[in-house]
Amino acid sequence: MRLALSAAREAAAAGEVPVGAVVTLAGEVMATSANAPRALNDPTAHAEMLAIRAAAEVLGRERLEDCDLWVTLEPCAMCAGAISHARIARLYYGASDAKGGAVEHGPRFFAQPTCHHRPEVYAGIGAGAAGAMLREFFAARR
């Protein structure tokens, strides 16, 4: 989670919402990404999406069933769908997102009967640091 938090700090420094994500395989880092929708002019360029794409490229396959995803914020519905399609084994996330999250909030994507793959989910890891970073970022813009 330290790497994901570092990526989130990089996103904030670039004017992006501070979210970072890391994909690991057997404890080895396959990809690290930060939010970049503004920089890439791409509404799908969430940290999770970029990390999943990069890990799939590194591993040369679309299924990441033996990989873990570490992300600083509860994934949205789009990212939860990508996590499911990629067959991520375990999802670790920091801060909960009551407004835009889709794991423990909103649509609760992985609990839906139409969800074909459900990762193991571990919430609250690094939540204090991730939440503080997000609060600081948005307070500075208000």
# chains A, B, ... in the order shown; residues from 1 in each chain; ligands from 1

$ residues_around --residues "stretch 97-105 of chain A" --least-positions-apart "2" --cutoff "8 Å" --atoms "only C-alpha atoms" --output "list of chain:residue names"
A:Leu73, A:Glu74, A:Pro75, A:Cys76, A:Ala77, A:Ala80, A:Ala95, A:Pro107, A:Arg108, A:Phe109, A:Phe110

$ write_last_selection --atoms "N, CA and C atoms" --output "CSV table (one decimal), in the first residue's frame"
chain,number,residue,atom,x,y,z
A,73,LEU,N,-8.2,4.0,-2.8
A,73,LEU,CA,-9.6,4.4,-2.6
A,73,LEU,C,-10.5,3.2,-3.1
A,74,GLU,N,-11.7,3.1,-2.4
A,74,GLU,CA,-12.6,2.1,-2.9
A,74,GLU,C,-12.9,2.2,-4.3
A,75,PRO,N,-12.8,1.2,-5.1
A,75,PRO,CA,-13.0,1.3,-6.6
A,75,PRO,C,-14.5,1.7,-6.9
A,76,CYS,N,-14.6,2.4,-8.0
A,76,CYS,CA,-15.9,2.7,-8.6
A,76,CYS,C,-16.5,1.5,-9.4
A,77,ALA,N,-17.7,1.7,-9.9
A,77,ALA,CA,-18.3,0.6,-10.6
A,77,ALA,C,-17.5,0.2,-11.9
A,80,ALA,N,-14.5,-1.7,-10.6
A,80,ALA,CA,-14.9,-3.0,-10.0
A,80,ALA,C,-15.2,-4.0,-11.2
A,95,ALA,N,-9.2,4.0,1.7
A,95,ALA,CA,-10.3,4.8,2.1
A,95,ALA,C,-11.6,4.3,1.4
A,107,PRO,N,-23.5,0.3,-5.8
A,107,PRO,CA,-24.1,-1.0,-6.4
A,107,PRO,C,-23.5,-2.3,-5.7
A,108,ARG,N,-22.5,-2.1,-4.9
A,108,ARG,CA,-21.9,-3.3,-4.3
A,108,ARG,C,-21.7,-4.4,-5.4
A,109,PHE,N,-20.9,-4.0,-6.3
A,109,PHE,CA,-20.7,-4.8,-7.6
A,109,PHE,C,-20.4,-6.3,-7.4
A,110,PHE,N,-19.5,-6.6,-6.4
A,110,PHE,CA,-19.1,-8.0,-6.3
A,110,PHE,C,-20.2,-8.8,-5.6

$ residues_around --residues "A:Met30" --least-positions-apart "4" --cutoff "6 Å" --atoms "only C-alpha atoms" --output "PyMOL selection string"
chain A and resi 23-24+55

$ write_last_selection --atoms "N, CA and C atoms" --output "mmCIF file, in the first residue's frame"
data_model
loop_
_atom_site.group_PDB
_atom_site.id
_atom_site.type_symbol
_atom_site.label_atom_id
_atom_site.label_comp_id
_atom_site.auth_asym_id
_atom_site.auth_seq_id
_atom_site.Cartn_x
_atom_site.Cartn_y
_atom_site.Cartn_z
ATOM 1 N N VAL A 23 -0.432 -3.438 -8.843
ATOM 2 C CA VAL A 23 -0.746 -4.857 -9.063
ATOM 3 C C VAL A 23 0.494 -5.655 -8.708
ATOM 4 N N THR A 24 0.290 -6.680 -7.882
ATOM 5 C CA THR A 24 1.402 -7.555 -7.499
ATOM 6 C C THR A 24 1.089 -9.001 -7.875
ATOM 7 N N ALA A 55 -0.248 -4.237 -15.978
ATOM 8 C CA ALA A 55 0.092 -5.587 -15.501
ATOM 9 C C ALA A 55 -0.223 -6.629 -16.569
#

$ residues_around --residues "A:Ala54" --least-positions-apart "4" --cutoff "8 Å" --atoms "only C-alpha atoms" --output "number ranges by chain"
A: 30-31, 50, 58

$ residues_around --residues "stretch 120-134 of chain A" --least-positions-apart "6" --cutoff "6 Å" --atoms "only C-alpha atoms" --output "list in words"
Thr72, Arg90, Leu91, Tyr92, Tyr93, Gly94 and Ala95 of chain A

$ write_last_selection --atoms "C-alpha atoms" --output "short mmCIF file (atom, residue, chain, number, x, y, z; two decimals), in the first residue's frame"
data_model
loop_
_atom_site.label_atom_id
_atom_site.label_comp_id
_atom_site.auth_asym_id
_atom_site.auth_seq_id
_atom_site.Cartn_x
_atom_site.Cartn_y
_atom_site.Cartn_z
CA THR A 72 -5.90 3.80 -2.09
CA ARG A 90 -7.46 -10.15 -4.02
CA LEU A 91 -8.42 -6.48 -3.74
CA TYR A 92 -6.91 -4.39 -0.96
CA TYR A 93 -8.13 -0.82 -0.66
CA GLY A 94 -7.66 2.10 1.70
CA ALA A 95 -10.34 4.75 2.07
#

$ atom_distance --atom1 "atom CA of A:Val17" --atom2 "atom CA of A:Asp68"
22.4 Å

$ closest_residue --among "A:His117, A:Arg53, A:Arg38, A:His46" --to "A:Ala8" --atoms "only C-alpha atoms"
A:His46

$ select_by_dssp --residues "stretch 60-98 of chain A" --states "alpha helix (DSSP H)" --output "VMD selection string"
chain A and resid 77 to 86

$ atom_distance --atom1 "atom CA of A:Gly27" --atom2 "atom CA of A:Val71"
15.0 Å

$ closest_residue --among "A:Gly60, A:Ala47, A:Asn41, A:Trp70" --to "A:Val29" --atoms "only C-alpha atoms"
A:Trp70

$ atom_distance --atom1 "atom CA of A:Ala39" --atom2 "atom CA of A:Ile88"
26.3 Å

$ closest_residue --among "A:Met78, A:Ala12, A:Ala4, A:Ala56" --to "A:Thr32" --atoms "only C-alpha atoms"
A:Ala4

$ residues_around --residues "A:Ala7" --least-positions-apart "3" --cutoff "10 Å" --atoms "only C-alpha atoms" --output "ChimeraX atom specification"
/A:1-4,10-13,18-22,32-35,47,71-72

$ write_last_selection --atoms "N, CA, C and O atoms" --output "mmCIF file, in the first residue's frame"
data_model
loop_
_atom_site.group_PDB
_atom_site.id
_atom_site.type_symbol
_atom_site.label_atom_id
_atom_site.label_comp_id
_atom_site.auth_asym_id
_atom_site.auth_seq_id
_atom_site.Cartn_x
_atom_site.Cartn_y
_atom_site.Cartn_z
ATOM 1 N N MET A 1 0.828 -1.194 0.000
ATOM 2 C CA MET A 1 0.000 0.000 0.000
ATOM 3 C C MET A 1 0.870 1.255 0.000
ATOM 4 O O MET A 1 0.446 2.290 -0.503
ATOM 5 N N ARG A 2 2.085 1.136 0.521
ATOM 6 C CA ARG A 2 2.992 2.292 0.497
ATOM 7 C C ARG A 2 3.234 2.777 -0.929
ATOM 8 O O ARG A 2 3.257 3.979 -1.194
ATOM 9 N N LEU A 3 3.402 1.851 -1.861
ATOM 10 C CA LEU A 3 3.614 2.244 -3.260
ATOM 11 C C LEU A 3 2.370 2.907 -3.850
ATOM 12 O O LEU A 3 2.475 3.865 -4.616
ATOM 13 N N ALA A 4 1.213 2.393 -3.511
ATOM 14 C CA ALA A 4 -0.033 2.987 -3.999
ATOM 15 C C ALA A 4 -0.205 4.394 -3.435
ATOM 16 O O ALA A 4 -0.615 5.313 -4.157
ATOM 17 N N GLU A 10 1.783 11.433 -6.188
ATOM 18 C CA GLU A 10 2.205 11.898 -7.517
ATOM 19 C C GLU A 10 1.008 12.422 -8.306
ATOM 20 O O GLU A 10 1.109 13.441 -9.004
ATOM 21 N N ALA A 11 -0.126 11.724 -8.200
ATOM 22 C CA ALA A 11 -1.335 12.173 -8.889
ATOM 23 C C ALA A 11 -1.747 13.550 -8.374
ATOM 24 O O ALA A 11 -2.050 14.450 -9.162
ATOM 25 N N ALA A 12 -1.742 13.725 -7.061
ATOM 26 C CA ALA A 12 -2.130 15.013 -6.471
ATOM 27 C C ALA A 12 -1.206 16.122 -6.944
ATOM 28 O O ALA A 12 -1.671 17.222 -7.292
ATOM 29 N N ALA A 13 0.080 15.846 -6.981
ATOM 30 C CA ALA A 13 1.055 16.846 -7.431
ATOM 31 C C ALA A 13 0.809 17.256 -8.878
ATOM 32 O O ALA A 13 1.115 18.381 -9.281
ATOM 33 N N PRO A 18 -6.036 12.284 -5.966
ATOM 34 C CA PRO A 18 -4.964 11.423 -5.463
ATOM 35 C C PRO A 18 -5.389 9.980 -5.192
ATOM 36 O O PRO A 18 -5.772 9.619 -4.092
ATOM 37 N N VAL A 19 -5.303 9.184 -6.238
ATOM 38 C CA VAL A 19 -5.562 7.748 -6.125
ATOM 39 C C VAL A 19 -4.403 7.032 -6.801
ATOM 40 O O VAL A 19 -3.983 7.410 -7.897
ATOM 41 N N GLY A 20 -3.900 6.011 -6.127
ATOM 42 C CA GLY A 20 -2.817 5.209 -6.683
ATOM 43 C C GLY A 20 -3.170 3.736 -6.604
ATOM 44 O O GLY A 20 -3.955 3.329 -5.738
ATOM 45 N N ALA A 21 -2.605 2.941 -7.503
ATOM 46 C CA ALA A 21 -2.886 1.507 -7.539
ATOM 47 C C ALA A 21 -1.624 0.735 -7.908
ATOM 48 O O ALA A 21 -0.788 1.225 -8.674
ATOM 49 N N VAL A 22 -1.533 -0.465 -7.355
ATOM 50 C CA VAL A 22 -0.401 -1.349 -7.608
ATOM 51 C C VAL A 22 -0.937 -2.758 -7.823
ATOM 52 O O VAL A 22 -1.787 -3.227 -7.067
ATOM 53 N N THR A 32 2.480 -0.139 -11.317
ATOM 54 C CA THR A 32 2.083 0.926 -10.394
ATOM 55 C C THR A 32 1.541 2.060 -11.240
ATOM 56 O O THR A 32 2.160 2.437 -12.232
ATOM 57 N N SER A 33 0.378 2.587 -10.845
ATOM 58 C CA SER A 33 -0.225 3.669 -11.621
ATOM 59 C C SER A 33 -0.895 4.673 -10.699
ATOM 60 O O SER A 33 -1.310 4.343 -9.597
ATOM 61 N N ALA A 34 -1.016 5.875 -11.210
ATOM 62 C CA ALA A 34 -1.722 6.955 -10.527
ATOM 63 C C ALA A 34 -2.877 7.411 -11.406
ATOM 64 O O ALA A 34 -2.847 7.227 -12.627
ATOM 65 N N ASN A 35 -3.876 7.997 -10.788
ATOM 66 C CA ASN A 35 -4.987 8.565 -11.548
ATOM 67 C C ASN A 35 -4.450 9.507 -12.619
ATOM 68 O O ASN A 35 -3.537 10.296 -12.348
ATOM 69 N N ALA A 47 -6.617 5.044 -11.684
ATOM 70 C CA ALA A 47 -5.393 4.339 -11.292
ATOM 71 C C ALA A 47 -5.539 2.828 -11.450
ATOM 72 O O ALA A 47 -4.630 2.154 -11.950
ATOM 73 N N VAL A 71 -5.171 -0.536 -3.913
ATOM 74 C CA VAL A 71 -5.607 0.783 -4.361
ATOM 75 C C VAL A 71 -5.979 1.628 -3.148
ATOM 76 O O VAL A 71 -6.475 1.116 -2.149
ATOM 77 N N THR A 72 -5.717 2.923 -3.242
ATOM 78 C CA THR A 72 -5.897 3.802 -2.087
ATOM 79 C C THR A 72 -7.345 4.180 -1.815
ATOM 80 O O THR A 72 -7.663 4.639 -0.722
#

$ residues_around --residues "A:Arg141" --least-positions-apart "2" --cutoff "12 Å" --atoms "only C-alpha atoms" --output "list of chain:residue names"
A:Ala12, A:Gly15, A:Glu16, A:Val17, A:Leu134, A:Arg135, A:Glu136, A:Phe137, A:Phe138, A:Ala139

$ write_last_selection --atoms "N, CA and C atoms" --output "compact mmCIF listing (two decimals), in the first residue's frame"
# COMPACT_ATOMS: atom_id res chain seq x y z
N ALA A 12 -1.74 13.73 -7.06
CA ALA A 12 -2.13 15.01 -6.47
C ALA A 12 -1.21 16.12 -6.94
N GLY A 15 -2.18 17.46 -10.14
CA GLY A 15 -3.52 18.03 -10.23
C GLY A 15 -4.62 17.02 -10.43
N GLU A 16 -4.28 15.75 -10.32
CA GLU A 16 -5.27 14.67 -10.45
C GLU A 16 -5.80 14.30 -9.06
N VAL A 17 -6.98 13.71 -9.00
CA VAL A 17 -7.48 13.20 -7.72
C VAL A 17 -6.47 12.17 -7.22
N LEU A 134 -6.94 12.67 0.33
CA LEU A 134 -8.11 13.08 -0.45
C LEU A 134 -8.76 14.33 0.15
N ARG A 135 -8.91 14.38 1.47
CA ARG A 135 -9.50 15.55 2.12
C ARG A 135 -8.67 16.81 1.86
N GLU A 136 -7.36 16.69 1.98
CA GLU A 136 -6.46 17.81 1.71
C GLU A 136 -6.59 18.30 0.28
N PHE A 137 -6.61 17.35 -0.64
CA PHE A 137 -6.70 17.68 -2.07
C PHE A 137 -7.97 18.47 -2.36
N PHE A 138 -9.10 17.99 -1.87
CA PHE A 138 -10.37 18.66 -2.18
C PHE A 138 -10.54 19.95 -1.38
N ALA A 139 -10.01 20.01 -0.17
CA ALA A 139 -10.08 21.25 0.63
C ALA A 139 -9.32 22.37 -0.07

$ decode --residues "stretch 67-104 of chain A" --atoms "N, CA and C atoms" --output "compact mmCIF listing (two decimals), in the first residue's frame"
# COMPACT_ATOMS: atom_id res chain seq x y z
N CYS A 67 -3.10 -12.46 -9.31
CA CYS A 67 -2.57 -11.15 -8.92
C CYS A 67 -3.43 -10.48 -7.85
N ASP A 68 -2.81 -9.57 -7.14
CA ASP A 68 -3.48 -8.75 -6.13
C ASP A 68 -3.48 -7.31 -6.61
N LEU A 69 -4.53 -6.57 -6.27
CA LEU A 69 -4.61 -5.15 -6.59
C LEU A 69 -4.69 -4.38 -5.28
N TRP A 70 -3.80 -3.42 -5.14
CA TRP A 70 -3.76 -2.52 -3.99
C TRP A 70 -4.15 -1.15 -4.49
N VAL A 71 -5.17 -0.54 -3.91
CA VAL A 71 -5.61 0.78 -4.36
C VAL A 71 -5.98 1.63 -3.15
N THR A 72 -5.72 2.92 -3.24
CA THR A 72 -5.90 3.80 -2.09
C THR A 72 -7.34 4.18 -1.81
N LEU A 73 -8.24 3.99 -2.77
CA LEU A 73 -9.64 4.37 -2.62
C LEU A 73 -10.53 3.24 -3.11
N GLU A 74 -11.66 3.06 -2.45
CA GLU A 74 -12.64 2.05 -2.86
C GLU A 74 -12.95 2.22 -4.35
N PRO A 75 -12.81 1.17 -5.14
CA PRO A 75 -13.05 1.28 -6.59
C PRO A 75 -14.49 1.65 -6.94
N CYS A 76 -14.61 2.38 -8.03
CA CYS A 76 -15.92 2.75 -8.59
C CYS A 76 -16.47 1.54 -9.36
N ALA A 77 -17.67 1.69 -9.90
CA ALA A 77 -18.30 0.59 -10.64
C ALA A 77 -17.48 0.18 -11.87
N MET A 78 -16.95 1.16 -12.59
CA MET A 78 -16.14 0.85 -13.78
C MET A 78 -14.93 0.01 -13.38
N CYS A 79 -14.23 0.44 -12.35
CA CYS A 79 -13.02 -0.27 -11.93
C CYS A 79 -13.36 -1.64 -11.33
N ALA A 80 -14.47 -1.72 -10.59
CA ALA A 80 -14.89 -3.01 -10.05
C ALA A 80 -15.17 -3.99 -11.19
N GLY A 81 -15.79 -3.50 -12.25
CA GLY A 81 -16.04 -4.35 -13.42
C GLY A 81 -14.74 -4.83 -14.03
N ALA A 82 -13.76 -3.95 -14.16
CA ALA A 82 -12.47 -4.34 -14.71
C ALA A 82 -11.76 -5.34 -13.81
N ILE A 83 -11.86 -5.16 -12.50
CA ILE A 83 -11.26 -6.09 -11.54
C ILE A 83 -11.87 -7.48 -11.72
N SER A 84 -13.17 -7.52 -11.88
CA SER A 84 -13.86 -8.79 -12.08
C SER A 84 -13.46 -9.44 -13.41
N HIS A 85 -13.46 -8.66 -14.48
CA HIS A 85 -13.09 -9.19 -15.80
C HIS A 85 -11.64 -9.66 -15.84
N ALA A 86 -10.77 -8.98 -15.11
CA ALA A 86 -9.36 -9.36 -15.07
C ALA A 86 -9.13 -10.57 -14.16
N ARG A 87 -10.14 -10.92 -13.40
CA ARG A 87 -10.06 -12.06 -12.46
C ARG A 87 -9.00 -11.83 -11.37
N ILE A 88 -8.87 -10.58 -10.91
CA ILE A 88 -7.96 -10.26 -9.81
C ILE A 88 -8.31 -11.14 -8.62
N ALA A 89 -7.30 -11.74 -7.99
CA ALA A 89 -7.54 -12.65 -6.87
C ALA A 89 -7.95 -11.93 -5.60
N ARG A 90 -7.21 -10.88 -5.26
CA ARG A 90 -7.46 -10.15 -4.02
C ARG A 90 -7.40 -8.66 -4.27
N LEU A 91 -8.36 -7.94 -3.67
CA LEU A 91 -8.42 -6.48 -3.74
C LEU A 91 -8.19 -5.94 -2.34
N TYR A 92 -7.19 -5.08 -2.21
CA TYR A 92 -6.91 -4.39 -0.96
C TYR A 92 -7.13 -2.90 -1.23
N TYR A 93 -7.98 -2.26 -0.44
CA TYR A 93 -8.13 -0.82 -0.66
C TYR A 93 -8.14 -0.05 0.65
N GLY A 94 -7.79 1.23 0.54
CA GLY A 94 -7.66 2.10 1.70
C GLY A 94 -8.96 2.74 2.10
N ALA A 95 -9.17 3.97 1.67
CA ALA A 95 -10.34 4.75 2.07
C ALA A 95 -11.62 4.27 1.40
N SER A 96 -12.69 4.27 2.17
CA SER A 96 -14.01 3.97 1.62
C SER A 96 -14.50 5.20 0.87
N ASP A 97 -15.40 4.99 -0.09
CA ASP A 97 -15.95 6.09 -0.88
C ASP A 97 -17.46 5.97 -0.92
N ALA A 98 -18.13 6.62 0.05
CA ALA A 98 -19.58 6.52 0.15
C ALA A 98 -20.30 7.08 -1.07
N LYS A 99 -19.68 8.04 -1.76
CA LYS A 99 -20.32 8.67 -2.91
C LYS A 99 -20.09 7.91 -4.21
N GLY A 100 -18.86 7.48 -4.47
CA GLY A 100 -18.54 6.87 -5.77
C GLY A 100 -18.08 5.43 -5.71
N GLY A 101 -17.93 4.89 -4.52
CA GLY A 101 -17.47 3.51 -4.39
C GLY A 101 -18.51 2.51 -4.82
N ALA A 102 -18.05 1.34 -5.24
CA ALA A 102 -18.98 0.31 -5.72
C ALA A 102 -18.69 -1.06 -5.12
N VAL A 103 -17.88 -1.10 -4.07
CA VAL A 103 -17.56 -2.37 -3.42
C VAL A 103 -18.41 -2.53 -2.16
N GLU A 104 -18.25 -1.62 -1.21
CA GLU A 104 -19.06 -1.66 0.00
C GLU A 104 -20.17 -0.62 -0.04
